[in-house]
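Chemist: This is the structure I want to talk about, given as structure tokens.
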Amino acid sequence: MSLSDKTRKALEKIGLTSYEIKVYSALLKTGQINASDLSQKSSVPYSKIYEVLGTLEEKGWIGSDDSRPTQYFAKPPTTAIETSRQNFESDFKNNESIILKELTPLYEQSGTSERPDIWVLSGVVNIASKILEMVDSCRNEVLIAIPKVAENLAKEALPKLRSLHDKGVEITILVSEDVDSETLKSLSRVAKVKVKKGLFGGGIISDKRYVVILLGEDLGTSAEAVAIWADHSGLAGFAREYFEYLLKESKDVK
């Protein structure tokens, strides 16, 4: 049975060439086989077969033994795809580091960074959506100040905070003294949590760049709640300094 066009396209999208797809699908049908016979079974020219087998083995889709001639076999699709996913993520991180190292200074020198995005958000739904989006995309560090009126938002964010915690993101949360003990306990499992008496304002700082500052005291109930969102390292830095100041005045969770 030949592969469907849908499956072929999916395999191409995750990095396999047309020859590699032919060879792998042939191995699934034939089982262990040598290169010469595989060339005939897969319709891949003999002049190309060793090159294709080599790249498939590097990608983790096939294996081989030490017999003469060498016998090749397909690895389970689940194993092969998982290997490709891990390789992609590793390559992406390496490329990300290289790209950002060179392009970020160019962006900052261009003056574009001096014209940041600053938006006023209104309404509980819009504010909550933006905060959850920031939490979801955070990579290294997130600082969160939660006044009593934002307690429900903290509960909504817990699954995302757990995910960040598992990825190694450093999470620090400052909460109002009157936040209930169950919420404190849940947050403490995924973050460093400190308590401050009389915490009126709130906000979030993600990766020392993105910041949301909550305005007013009606976030928990009012559709007219207002917040400022900014993509501005300077403003985020100022907010971070204030956050650190509040932390010094706070207490550990009992």
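Following the order of the structure tokens, first chain is A, next is B, and so on, with residues numbered from 1 inside each chain and ligands from 1 in the order they appear.
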Extract, using only C-alpha atoms, all DNA, RNA and protein residues at most 9 Å from range 171-180 of chain A, discarding same-chain residues fewer than 4 positions from it, and format them as a ChimeraX atom specification.
Modeler: /A:140-149,151,161,164-165,184-185,187-188,190-200,202,243,246-247,250
Chemist: Excluding Glu241 in chain A and any residue of its chain fewer than 6 positions from it, enumerate the residues within 12 Å of it, using only C-alpha atoms, and give them as a PDB file with C-alpha atoms, in the first residue's frame.
Modeler:
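So result_27.pdb came out as:
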```pdb
ATOM      1  CA  LEU A 143       7.680  38.770  38.084  1.00  0.00           C
ATOM      2  CA  ILE A 205       7.001  41.848  34.024  1.00  0.00           C
ATOM      3  CA  LYS A 208      12.693  42.129  31.499  1.00  0.00           C
ATOM      4  CA  GLY A 234      13.187  50.761  29.931  1.00  0.00           C
ATOM      5  CA  LEU A 235       9.696  50.808  31.410  1.00  0.00           C
ATOM      6  CA  LEU A 247       9.985  42.424  47.714  1.00  0.00           C
ATOM      7  CA  LYS A 248      12.398  43.792  50.327  1.00  0.00           C
TER       8      LYS A 248
END
```
Chemist: Pick out the residues sitting within 6 Å of Ile62 in chain A, and hand them over as a PDB file with N, CA and C atoms, in the first residue's frame; count only C-alpha atoms, and ignore anything fewer than 4 positions along from it in its own chain.
Modeler:
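After the write, result.pdb holds the following:
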```pdb
ATOM      1  N   LEU A  56      18.907   9.431   6.565  1.00  0.00           N
ATOM      2  CA  LEU A  56      17.818   8.860   7.368  1.00  0.00           C
ATOM      3  C   LEU A  56      18.324   8.336   8.707  1.00  0.00           C
ATOM      4  N   GLU A  57      19.530   7.755   8.688  1.00  0.00           N
ATOM      5  CA  GLU A  57      20.097   7.237   9.925  1.00  0.00           C
ATOM      6  C   GLU A  57      20.478   8.388  10.859  1.00  0.00           C
ATOM      7  N   PHE A  73      17.044  -1.251   8.574  1.00  0.00           N
ATOM      8  CA  PHE A  73      15.691  -1.482   9.063  1.00  0.00           C
ATOM      9  C   PHE A  73      15.062  -0.169   9.529  1.00  0.00           C
ATOM     10  N   ALA A  74      13.745  -0.108   9.448  1.00  0.00           N
ATOM     11  CA  ALA A  74      13.019   1.093   9.865  1.00  0.00           C
ATOM     12  C   ALA A  74      12.832   1.114  11.378  1.00  0.00           C
ATOM     13  N   LYS A  75      13.020   2.271  11.988  1.00  0.00           N
ATOM     14  CA  LYS A  75      12.689   2.423  13.398  1.00  0.00           C
ATOM     15  C   LYS A  75      11.202   2.731  13.514  1.00  0.00           C
TER      16      LYS A  75
END
```
Chemist: To one decimal place in Å, what is the distance between CA of Val226 in chain A and CA of Arg209 in chain A?
Modeler: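 Rounded to one decimal, the two atoms are 20.2 Å apart.
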